[in-house]
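Here's the structure, in structure tokens; my notes come after.
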Amino acid sequence: MARTRVRIPALLALTVPLPLLTGCGDGGGPSADAGHAHQGKPAVVVTTTWEGAIARAAGAEVIEVIVEQSVRHAPDYDPKPSDLVTVAEADFVLYAPFEPYAAEIKEAAGSKAKLVEVNLDNDPEKLSAEVARLAGLFGTEPAAERWKKDFDAEYARLNKDLRAAWPGGRSPVVVSQVFTAWAAKLAGATTTGTFGPEAVTPAQLAELSAKKPALVLDNAHMSTGTVLPDSGAEQITIVNYPGDDLDLISVHRDAAAELKKAMKDS
């Protein structure tokens, strides 16, 4: 299992700077070559647990997460000086282009760390492509191949289980937030419309309601509240960001559990 160094809970992280990327278990502050002091294993700094989970799936073992999963809307996070120091000491820095602090991250990394823009999407094909790409950068291809084998097997199992739970044996009609479309695909659902990340306009509300969806898949980290009030559709919340365990498979399992419960109740 990857050794993942995460930061203290979000409320404390706003006020208490921490020495990061310490030596392996020595409890001291970062050394001048801390990014390269892990027995040849690359030191990877990631902006969020989502990038961190993809790095872990790719085979990285020394991972530092800047923004914890408990921060409800990661793009709103304001990097601290200690975060930027951590970035400068890494071998690789992973970030997403939609994160507004990406420019600060790039500047802090200087010429030492390799900056890697990551496509954040839990769709299985896109996810597998990113894992393989990062493994190529890290030199950890065998670990990534093992992860993909486990992920593919679990994804197939979840998909089969959800299809067996279709109400009346028919694919449920859903509308989804643009970043939760992967969950609809996992369920084999029929997606008739998407919304977000902006709030739903009256015109969109009328259009989406007319499609008579059974389910609305909201995004836990970009929720705009009840999307289709009075439509009769059940709204469920899908979580994209993994927890501190950086486990992408658990994200899919949790989404499957929410979907199965909703289909059972519909």
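Starting from 1 in every chain, residues are counted up; chains themselves are A, B, ... following the order of the structure tokens, and ligands are numbered from 1 as listed.
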Contacts of Asn119 of chain A at 12 Å (only C-alpha atoms; same-chain gap of 5+ positions) as number ranges by chain: A: 50-51, 54-55, 94-99, 125-131, 133-134, 179
Those of segment 46-255 of chain A in DSSP strand (DSSP E), formatted as a ChimeraX atom specification: /A:46-48,62-67,92-95,114-117,173-177,190-195,215-219,234-238
Atomic distance atom CA of Thr180 of chain A - atom CA of Pro167 of chain A, expressed in Å with one decimal: 20.7 Å
Taking only C-alpha atoms into account, produce a table as a Markdown table in which each residue of segment 74-174 of chain A with an atom at most 12 Å from an atom of segment 40-49 of chain A appears once, together with its shortest atom pair and the distance in Å to one decimal, ordered by chain and rising number.
```
| residue | atom | partner | partner_atom | distance |
| --- | --- | --- | --- | --- |
| A:Ala74 | CA | A:Thr48 | CA | 7.2 |
| A:Pro75 | CA | A:Thr48 | CA | 9.4 |
| A:Asp76 | CA | A:Thr48 | CA | 11.8 |
| A:Tyr77 | CA | A:Thr47 | CA | 9.7 |
| A:Asp78 | CA | A:Thr47 | CA | 11.1 |
| A:Pro79 | CA | A:Thr47 | CA | 9.5 |
| A:Asp83 | CA | A:Thr47 | CA | 9.4 |
| A:Leu84 | CA | A:Val45 | CA | 10.2 |
| A:Val85 | CA | A:Val45 | CA | 10.8 |
| A:Thr86 | CA | A:Val45 | CA | 7.5 |
| A:Val87 | CA | A:Val45 | CA | 6.2 |
| A:Ala88 | CA | A:Val45 | CA | 9.3 |
| A:Glu89 | CA | A:Ala43 | CA | 8.4 |
| A:Ala90 | CA | A:Ala43 | CA | 5.4 |
| A:Asp91 | CA | A:Ala43 | CA | 5.2 |
| A:Phe92 | CA | A:Val44 | CA | 4.8 |
| A:Val93 | CA | A:Val45 | CA | 4.8 |
| A:Leu94 | CA | A:Val46 | CA | 4.7 |
| A:Tyr95 | CA | A:Thr47 | CA | 5.5 |
| A:Ala96 | CA | A:Thr47 | CA | 7.9 |
| A:Pro97 | CA | A:Thr47 | CA | 10.9 |
| A:Phe98 | CA | A:Thr47 | CA | 11.5 |
| A:Glu99 | CA | A:Thr47 | CA | 8.7 |
| A:Pro100 | CA | A:Thr47 | CA | 11.1 |
| A:Tyr101 | CA | A:Thr47 | CA | 9.3 |
| A:Ala102 | CA | A:Thr47 | CA | 8.7 |
| A:Glu104 | CA | A:Thr47 | CA | 11.4 |
| A:Ile105 | CA | A:Thr47 | CA | 8.7 |
| A:Lys106 | CA | A:Thr47 | CA | 11.5 |
| A:Ala109 | CA | A:Val45 | CA | 10.2 |
| A:Lys112 | CA | A:Ala43 | CA | 11.8 |
| A:Ala113 | CA | A:Val44 | CA | 9.0 |
| A:Lys114 | CA | A:Val44 | CA | 9.5 |
| A:Leu115 | CA | A:Val45 | CA | 9.8 |
| A:Val116 | CA | A:Val46 | CA | 9.5 |
| A:Glu117 | CA | A:Val46 | CA | 10.3 |
| A:Val118 | CA | A:Val46 | CA | 9.8 |
| A:Leu120 | CA | A:Thr48 | CA | 10.4 |
| A:Leu134 | CA | A:Val44 | CA | 10.9 |
| A:Ala135 | CA | A:Pro42 | CA | 11.1 |
| A:Leu137 | CA | A:Pro42 | CA | 9.9 |
| A:Phe138 | CA | A:Pro42 | CA | 6.8 |
| A:Gly139 | CA | A:Pro42 | CA | 9.1 |
| A:Thr140 | CA | A:Lys41 | CA | 9.5 |
```
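Distances here use only C-alpha atoms; by that measure, the residue among A:Leu228, A:Leu158, A:Met222, A:Ile238 closest to Gly188 of chain A is A:Leu158.
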Top pick for closest residue to Met263 of chain A, considering A:Asn219, A:Ser250, A:Val173, A:Ser231 and counting only C-alpha atoms: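 Result for the nearest residue to Met263 of chain A: A:Val173.
Each of A:Val62, A:Glu68, A:Asp218, A:Asn240 was checked against Ala199 of chain A using only C-alpha atoms; the smallest atom-to-atom distance is that of A:Asp218.
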Residue set, segment 61-221 of chain A restricted to alpha helix (DSSP H), as a PyMOL selection string: chain A and resi 81-88+102-109+124-138+141-164+181-187+202-210
Limited to C-alpha atoms, could you put the picked residues into a file as a short mmCIF file (atom, residue, chain, number, x, y, z; two decimals), in the first residue's frame?
```
data_model
loop_
_atom_site.label_atom_id
_atom_site.label_comp_id
_atom_site.auth_asym_id
_atom_site.auth_seq_id
_atom_site.Cartn_x
_atom_site.Cartn_y
_atom_site.Cartn_z
CA PRO A 81 3.62 29.42 2.01
CA SER A 82 4.32 25.99 3.51
CA ASP A 83 2.35 24.37 0.69
CA LEU A 84 4.44 26.12 -1.91
CA VAL A 85 7.69 25.09 -0.18
CA THR A 86 6.48 21.49 -0.30
CA VAL A 87 5.82 21.79 -4.01
CA ALA A 88 9.34 23.04 -4.65
CA ALA A 102 -2.43 26.18 -10.43
CA ALA A 103 -0.43 29.25 -11.48
CA GLU A 104 0.98 29.60 -7.95
CA ILE A 105 1.81 25.90 -7.90
CA LYS A 106 3.65 26.19 -11.21
CA GLU A 107 5.65 29.20 -10.04
CA ALA A 108 6.58 27.58 -6.72
CA ALA A 109 7.75 24.38 -8.41
CA PRO A 124 -13.04 4.06 -16.39
CA GLU A 125 -11.45 4.63 -19.79
CA LYS A 126 -10.19 8.13 -18.95
CA LEU A 127 -9.07 7.02 -15.51
CA SER A 128 -7.12 4.05 -16.85
CA ALA A 129 -5.46 6.27 -19.46
CA GLU A 130 -4.27 8.74 -16.79
CA VAL A 131 -3.02 5.97 -14.52
CA ALA A 132 -1.00 4.44 -17.38
CA ARG A 133 0.39 7.84 -18.39
CA LEU A 134 1.54 8.65 -14.86
CA ALA A 135 3.03 5.18 -14.42
CA GLY A 136 5.13 5.86 -17.49
CA LEU A 137 6.42 9.05 -15.90
CA PHE A 138 7.07 7.42 -12.53
CA GLU A 141 4.18 0.38 -14.92
CA PRO A 142 3.91 -3.06 -13.20
CA ALA A 143 2.11 -1.55 -10.20
CA ALA A 144 -0.28 0.33 -12.50
CA GLU A 145 -1.03 -2.85 -14.42
CA ARG A 146 -1.88 -4.66 -11.19
CA TRP A 147 -4.16 -1.83 -10.14
CA LYS A 148 -5.94 -1.83 -13.50
CA LYS A 149 -6.60 -5.55 -13.29
CA ASP A 150 -8.20 -5.14 -9.85
CA PHE A 151 -10.12 -2.03 -10.91
CA ASP A 152 -11.50 -3.59 -14.11
CA ALA A 153 -12.68 -6.66 -12.23
CA GLU A 154 -14.42 -4.61 -9.54
CA TYR A 155 -15.94 -2.20 -12.07
CA ALA A 156 -17.42 -5.10 -14.03
CA ARG A 157 -18.84 -6.59 -10.84
CA LEU A 158 -20.43 -3.29 -9.77
CA ASN A 159 -21.87 -2.67 -13.22
CA LYS A 160 -23.40 -6.14 -13.32
CA ASP A 161 -24.86 -5.71 -9.84
CA LEU A 162 -26.40 -2.34 -10.70
CA ARG A 163 -27.89 -3.59 -13.96
CA ALA A 164 -29.54 -6.40 -12.01
CA ALA A 181 -21.66 11.36 -15.67
CA TRP A 182 -19.25 8.52 -14.87
CA ALA A 183 -21.61 7.30 -12.14
CA ALA A 184 -24.52 7.12 -14.57
CA LYS A 185 -22.31 5.07 -16.87
CA LEU A 186 -21.38 2.76 -14.00
CA ALA A 187 -25.09 2.04 -13.46
CA PRO A 202 -35.19 28.34 -15.44
CA ALA A 203 -34.84 27.28 -19.08
CA GLN A 204 -32.63 24.32 -18.14
CA LEU A 205 -35.02 23.41 -15.34
CA ALA A 206 -37.90 23.19 -17.80
CA GLU A 207 -35.85 21.24 -20.32
CA LEU A 208 -34.49 18.71 -17.82
CA SER A 209 -37.83 18.24 -16.07
CA ALA A 210 -39.50 17.52 -19.40
#
```
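The space between atom CA of Asp123 of chain A and atom CA of Pro229 of chain A spans 27.8 Å.
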From A:Gly232, A:Pro197, A:Gly52, A:Pro213, residue lying nearest Pro172 of chain A [only C-alpha atoms]: A:Pro213
Å distance separating atom CA of Val227 of chain A from atom CA of Ile249 of chain A, one decimal place: 27.5 Å
Nearest candidate to Ser176 of chain A (options A:Gly193, A:Gly225, A:Gly110, A:Gly59; using only C-alpha atoms):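 Looking only at the distances to Ser176 of chain A, the closest residue turns out to be A:Gly193.
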Nearby residues (only C-alpha atoms) at most 8 Å from Val239 of chain A, same-chain spacing under 4 positions excluded, as a ChimeraX atom specification: /A:219-221,251,255
Just write the chosen residues, N, CA and C atoms, as a CSV table (one decimal), in the first residue's frame.
```csv
chain,number,residue,atom,x,y,z
A,219,ASN,N,-23.4,16.6,-7.6
A,219,ASN,CA,-21.9,16.5,-7.3
A,219,ASN,C,-21.7,17.0,-5.8
A,220,ALA,N,-21.2,16.2,-5.0
A,220,ALA,CA,-21.0,16.5,-3.6
A,220,ALA,C,-20.2,17.8,-3.4
A,221,HIS,N,-19.2,18.0,-4.3
A,221,HIS,CA,-18.3,19.1,-4.1
A,221,HIS,C,-18.6,20.3,-4.9
A,251,VAL,N,-14.3,4.8,-4.3
A,251,VAL,CA,-15.2,5.9,-4.8
A,251,VAL,C,-16.2,5.2,-5.7
A,255,ALA,N,-20.3,5.1,-4.9
A,255,ALA,CA,-21.3,5.5,-5.8
A,255,ALA,C,-22.3,4.4,-6.2
```
